[in-house]
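S.K.: Structure provided below as structure tokens; questions to follow.
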Amino acid sequence: DLQIGGSVFLGIRANDVILAHSRPEGLSVRNGLQGTVSEIQDAKGMKMVSVDVGKRLMAEVTSEAVKELGLAPGQTVYCLMKTHSIRIT
């Protein structure tokens, strides 16, 4: 049970995070955080992008997405996720 003043954990799976290089418009997705790419690592044929949004948020994307978005450490990105992707405990 959640209590006022208590700690809350938010969990978001990396494969539920969508990255954009500019603030998106005209989408039904309402949950978005601006952040800075801190690291990009290889992960079983995919790329794990670590984004600093005040806390670390991981996004799993394809190598093609990294190239097309020009993702690199220090770059500003927008992390989007649908409400059903957010786990609260």
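Letters A, B, ... mark the chains of the structure tokens in the order given; residue numbers begin at 1 per chain; ligand numbers begin at 1, in order shown.
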Find the residues around region 73-79 of chain A up to 6 Å (only C-alpha atoms counted), leave out those fewer than 4 positions away in its own chain, and share them as a list in words.
M.R.: Ile18, Leu19, Ala20, His21, Gly32, Leu33, Gln34, Gly35, Thr36, Val37, Ser38 and Glu39 of chain A
S.K.: Report the residues of chain A whose backbone DSSP state falls under strand (DSSP E or B), written as a PyMOL selection string.
M.R.: chain A and resi 10-12+18-20+31-43+46-52+56-61+76-81+86-88
S.K.: Which is closer to Ala72 (chain A) than all the others in A:Val53, A:Ile86, A:Val8, A:Met48, using only C-alpha atoms?
M.R.: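 Comparing A:Val53, A:Ile86, A:Val8, A:Met48 against Ala72 (chain A), the winner is A:Met48.
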S.K.: Determine the nearest neighbour of Lys47 (chain A) from the options A:Lys82, A:Lys67, A:Arg23, A:Arg87, counting only C-alpha atoms.
M.R.: A:Lys67
S.K.: Using only C-alpha atoms for the distances, tell me which of A:Val17, A:Lys55, A:Pro24, A:Leu71 is nearest to Gln41 (chain A).
M.R.: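 Closest to Gln41 (chain A) of all the choices is A:Leu71.
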S.K.: Which one is closest to Val61 (chain A): A:Met81, A:Ile40, A:Ile4, A:Ile12? Count only C-alpha atoms.
M.R.: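 Using only C-alpha atoms, the shortest distance to Val61 (chain A) belongs to A:Ile40.
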S.K.: Identify which of the residues A:Leu27, A:Leu80, A:Ala14, A:Leu69 lies closest to Val49 (chain A), counting only C-alpha atoms when measuring atom-to-atom distances.
M.R.: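 Using only C-alpha atoms, Val49 (chain A) sits closest to A:Ala14.
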S.K.: Could you tell me how far CA of Met58 (chain A) sits from CA of Gly11 (chain A), in Å to one decimal place?
M.R.: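 It comes out at 10.4 Å.
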